[in-house]
Number of protein chains: 2
Amino acid sequence: MTAHSKPIPLKLVTITDSYWSAYQKLIQDTVIPYQWEALNDRIQGAEPSHAIRNFRIAAGLEQGEFGGMVFQDSDLAKWLEAVGFSLAIRPDAKLERLADEAIALVGMAQGEDGYFNTYFTVKEPGNRWTNLQDCHELYVAGHFMEAAVAYYYGTGKRSLLDIMCRFADYIDSVFGPLPGQLRGYDGHQEIELALVKLYGATGEERYLRLSQFFIDERGQEPNFLLNEWSARGGVSHWTGRVTPKPDMAYNQAHVPVREQAAAVGHAVRAVYMYAAMADLALHTGDEPLLEACRRLWTNTVTKQMYITGGIGTTHLGEAFTFDYDLPNNSVYAETCASIGLIFFAQRMLSLEANGAYADVLERALYNNVVGSMSCDGKHFFYVNPLEVWPEASQRNPDLHHVKAERQAWFGCSCCPPNVARLLASLGEYIYTAGTDTLYTHLYIGSEAIVELAGQSVSLRQETRYPWDGEVTFTLELAEAAAFTLALRIPGWCDGAVIFVNGQPAEGVRVKKGYAYVSRTWRSGDNVSLTLPMAVKLMEANPNVRSNAGKGALQRGPLVYCLEEKDNGSRLASISISPEAVFDAKFDSELPGGGGIVLEGVGVKDGEESWRGELYRPLRREAGRIPLKAIPYSLWGNRGSGEMAVWLRLSN
Amino acid sequence: MTAHSKPIPLKLVTITDSYWSAYQKLIQDTVIPYQWEALNDRIQGAEPSHAIRNFRIAAGLEQGEFGGMVFQDSDLAKWLEAVGFSLAIRPDAKLERLADEAIALVGMAQGEDGYFNTYFTVKEPGNRWTNLQDCHELYVAGHFMEAAVAYYYGTGKRSLLDIMCRFADYIDSVFGPLPGQLRGYDGHQEIELALVKLYGATGEERYLRLSQFFIDERGQEPNFLLNEWSARGGVSHWTGRVTPKPDMAYNQAHVPVREQAAAVGHAVRAVYMYAAMADLALHTGDEPLLEACRRLWTNTVTKQMYITGGIGTTHLGEAFTFDYDLPNNSVYAETCASIGLIFFAQRMLSLEANGAYADVLERALYNNVVGSMSCDGKHFFYVNPLEVWPEASQRNPDLHHVKAERQAWFGCSCCPPNVARLLASLGEYIYTAGTDTLYTHLYIGSEAIVELAGQSVSLRQETRYPWDGEVTFTLELAEAAAFTLALRIPGWCDGAVIFVNGQPAEGVRVKKGYAYVSRTWRSGDNVSLTLPMAVKLMEANPNVRSNAGKGALQRGPLVYCLEEKDNGSRLASISISPEAVFDAKFDSELPGGGGIVLEGVGVKDGEESWRGELYRPLRREAGRIPLKAIPYSLWGNRGSGEMAVWLRLSN
């Protein structure tokens, strides 16, 4: 099986619209430099990262002790990956030099055999490969593989790629089915999808086979991770003490992957694995594996996903729980998990042009992922709730993981670097191209150069999405050529209209969420796509107990919410009519430079008639109040206050 | 200050009605014998209690090691207390002999100095009084003091009372303000209220003063518990490791008690302390202490109590959180905490005849406490939720503490013995008497003998409460006498009517929830009290976010709920109109032998039109369904299923 289409190389996609350019600039001008300072322990008042220092010690350039978590090296890897993407779209000699030096440092910390890992080489030499459940060894290697590929594509330099090929070859010798080899896999999936990227960059099939090995071994009996736990006396790396027998569902190693029926366990591990499974299914044509991907996709997005694209219901284990269990206030919805869901969606899209995959990608991107970042790029949410009562976050220990304001990011947490690398590589998610079809999956103002029907085509997309659904495409090409533009019609959209050169487009086929516009194109041709953005009141499947009798506002790709700042406290006392009309208005005061808010009227239960009682016979007194809803992605930027996505319906 | 009235001695109150007799018989015939077997490690398949064995080892009758928790001794104390109460109302020579032997065993384990505690004498000799924060030493002593008093009142025997006076005198020598004494108090309040009982049984003022000392020292600077923690290197008894600085609010030792403004921390510790504070305020007339009791009472019952009389919002710390934080599904509402609230309410009632105190006592007793016990007396709830989704209890780790079915009780948990001693002593809560006023606080069929206006009066109360609100009192007395019957008019009752000898009662004064019927009474006089039990739909203060837009059914003292068994699954999809009419019907099939159910009609959102989606534009389809609500106290007796107290209102 081959992909019906592939992403356009990042160098050939330039994002130009104001919405995303602002975020990309934030990544390039603020997040990447800030992260470098953090990696070098130069941020005042922050927990030191130790990342660079650990490598210097491992390289013999400094004396000292290892600092940080067992997977600390991966912070450097994610930085290098973001830098690789960033350099692809915006060359920067100074940044490149810093990265080259860091790569050289990594090379110095690498052993003759190809292995490097500062925790194990500095702190626990002799213990490599003894605790794959806890110690993230292959996870760290995987992140460096992804970084190596991104850096290679971004700069043309093979330095890190060569380092990682040596490491991958060494891993290939250690792990495998032969006597003397470890028939195992990492407790935190990551290397599986990274090896597929390494294969893509080098053409070396053994990397694909190694990825396949890890995926196929996972969950087989006898269980590798349980045996390993047993062999070390049941001792956990994290506590240094004996633990009860670990639950293999946490690592999605409870049964072989082709037998897995539902998304379970740690959400990030799960979606990283599902993405790798889809990659492998694509490359190998493995039907049972593809079937499993579809099954896991369907379960995740139709039974275990928040309307914001968040996944992972509980902070205990940062995990899925079970179908339809989607509480709004105690939710985890880790930012990294939504990023992984985007990876999974992208792989499924490469298997099949089905708008449903892109709808989820868009939902997660525009809501949970953008919502995880503050407008200044320096504060992040790890946890993304759909209902917040600040006092409860502070004073109810069940909700301590839920914050009402984003936290300053000190370089040691996984989410900001993950957001950085996603947004730096955003161009890879907008388009994919086949021989003679260009797919547009996301509406983001950009310029792309793509080869279609043997021609080099320059495509310019202009739009004010997500604020409005007018999209214009302008094409430039040397000679007329016949090819197809496949434009995604979002699932939320009714009444999309396509014009070509000012005339209604003819012969447009709509299939699985894409409108296929096939014609002979000439330079200067333009296409205008109108995606009406009606305000919609959404409801959840009635099996979702948390959302019974509630509705959520959505307009275009954006989910909306109420904040205390605009609507007063006790948001729970507010209800709206199922027939309520909300007007979309541009509000220049909105954090982030302005955008569309929704204005309407609701009803609020008052408290004036209460005289200190807690319970009384019903005599509700409610009054009409004006309501203003803002995009969920912009919540929490104006101080601490209540927030709610799902609102009570009054009927 | 003296109590305006005092409880009638337990021997003089016989409960005769079918509702409570059934529970009392369960305690006497099932729970007390079962607990004795458990204390002797004779229950098959159960975790051993070790309680009796520990005492035998401490007494030198056996060799062996200490088993169980540091407070294991208290299980025996609670059993002895329940036995004491039981013997007061139903003599039983065989049971008394078992108890006498157990008491003799305790005596053998007591040192010359008066101290006993099998954990410290067997396992950690030399370490007594070194970790009052964790090790419950005075807590254990307190429970034995309560047992001693109950046993003395129940049997006239001073054996355990003498043992405990010796222990109390020893404690009095160890703790105090003098040089060489410990200026401290226990991490788990209990001895404070126990010493007041000891004072009551012996007349020895030093026990009252020792209680006062413990209450007054608590929370003073320098903080005794923190210094103690520091002195042992910050090591916790529970983990054997160093812990972060403990939060004194957990033990209500964060500030002196007179300065405490709100109920915080571990709920059971809190209410045991508040009960002791009220006891002391009564005996000493200490106004600031009384003020603190009133303040803490008001905060607890008007801002932090569930409609079922449950208190303690979070399982983390088994604690209060903050005002109006009352989630229904993740709640803790530990059974013991409601029992402590009943103790607190009873003390406040002794300070002032205010029906509001008895209303809370009744609410907690009839709902949370009765609800904690299964109809067979062998299964209990530690945690008492107001909303249950069994699958979530199993599969969402945030809710693992919430069970959908009561657990078999294996003798090592605190709640069943606490329920046993409360229900065995229930007669003390029904009436209190002053010189010439008899207060009836609870409507429970019973016979009591009380001295009023110098006469011995026999009172018979007959009622089918809580099913119906007709109550009849019949008096027998040798000669006519003038006194007052004060009948509580429950806060939930509108339109109470009182007849005396078939005629409307004249000159009845109603004051603070009591109807005072004063006249010259003759033998054979009868009073009939009609307390109409209309079905009420209750709402919560709008600051309680969890209950926004919801109502709870109540009839008389009983809170009602919906169960899946009667109404299907997805209870959250059900809504009722604020104007809904519910009919009270007798249902003989109800667990426990039949009772009143509420039948009405509601609306349920259907799922037929859903085709596997999770979110869609609102198009709700709902249908009318019949509803049956049962008393909350009887939930969970018919297998595992959903349950909900608070129901969505459709308008």
# chains A, B, ... in the order shown; residues from 1 in each chain; ligands from 1

call {"tool": "interface_residues", "arguments": {"of": "chain B", "to": "chain A", "cutoff": "8 Å", "atoms": "only C-alpha atoms", "output": "ChimeraX atom specification"}}
result
/B:301-303,307,314,316,321-322,325,392,395-398,536-543,545-546,548-549,551,570,572-573,578,605-607,610,612-619,648,650-651

call {"tool": "select_by_dssp", "arguments": {"residues": "stretch 208-334 of chain A", "states": "strand (DSSP E or B)", "output": "list in words"}}
result
Val235, Val242, His266, Met305, Ile311, Thr314 and Ala319 of chain A

call {"tool": "residues_around", "arguments": {"residues": "B:Gly495", "least_positions_apart": "4", "cutoff": "12 Å", "atoms": "only C-alpha atoms", "output": "CSV table (one decimal) with C-alpha atoms, in the first residue's frame"}}
result
chain,number,residue,atom,x,y,z
B,469,GLY,CA,-46.2,11.6,60.3
B,489,ILE,CA,-41.9,20.5,64.7
B,490,PRO,CA,-39.5,19.4,61.9
B,491,GLY,CA,-38.2,22.2,59.7
B,529,LEU,CA,-49.3,15.0,66.6
B,530,THR,CA,-49.9,15.1,62.8
B,531,LEU,CA,-46.8,16.1,60.8
B,532,PRO,CA,-48.0,16.3,57.2
B,533,MET,CA,-45.4,14.7,54.9
B,534,ALA,CA,-45.8,16.5,51.6

call {"tool": "closest_residue", "arguments": {"among": "B:Ser588, B:Asn328, B:Thr308, B:Ser456", "to": "B:Tyr560", "atoms": "only C-alpha atoms"}}
result
B:Thr308

call {"tool": "residues_around", "arguments": {"residues": "A:Met273", "least_positions_apart": "4", "cutoff": "12 Å", "atoms": "only C-alpha atoms", "output": "MDAnalysis selection string"}}
result
chainID A and resid 139 185:194 196 211:212 214:216 218 251:253 257:258 260 263:269 277:280 289 292:293 296:297 337 340:341 343:344 347

call {"tool": "residues_around", "arguments": {"residues": "stretch 429-446 of chain B", "least_positions_apart": "6", "cutoff": "8 Å", "atoms": "only C-alpha atoms", "output": "VMD selection string"}}
result
chain B and resid 4 to 8 13 to 18 20 346 355 358 362 452 to 454 460 to 465 471 482 to 488

call {"tool": "atom_distance", "arguments": {"atom1": "atom CA of A:Gly310", "atom2": "atom CA of A:Ala333"}}
result
4.6 Å

call {"tool": "select_by_dssp", "arguments": {"residues": "stretch 334-502 of chain A", "states": "helix (DSSP H, G or I)", "output": "PyMOL selection string"}}
result
chain A and resi 335-351+355-371+390-395+397-399+415-424+427-430

call {"tool": "closest_residue", "arguments": {"among": "B:Pro91, B:Pro244, B:Gly507, B:Gly142", "to": "B:Tyr272", "atoms": "only C-alpha atoms"}}
result
B:Gly142

call {"tool": "residues_around", "arguments": {"residues": "stretch 625-627 of chain B", "least_positions_apart": "3", "cutoff": "9 Å", "atoms": "only C-alpha atoms", "output": "number ranges by chain"}}
result
B: 562, 566-567, 574, 582, 598-604

call {"tool": "write_last_selection", "arguments": {"atoms": "C-alpha atoms", "output": "CSV table (one decimal), in the first residue's frame"}}
result
chain,number,residue,atom,x,y,z
B,562,LEU,CA,-33.6,7.2,41.5
B,566,ASP,CA,-36.4,1.1,38.6
B,567,ASN,CA,-35.7,3.8,36.0
B,574,ILE,CA,-33.7,12.1,33.0
B,582,PHE,CA,-44.9,12.8,42.8
B,598,LEU,CA,-42.5,8.3,45.1
B,599,GLU,CA,-44.0,7.9,41.7
B,600,GLY,CA,-44.1,10.5,39.0
B,601,VAL,CA,-43.3,11.3,35.5
B,602,GLY,CA,-40.1,12.6,34.0
B,603,VAL,CA,-38.5,13.2,30.6
B,604,LYS,CA,-35.6,11.2,29.3
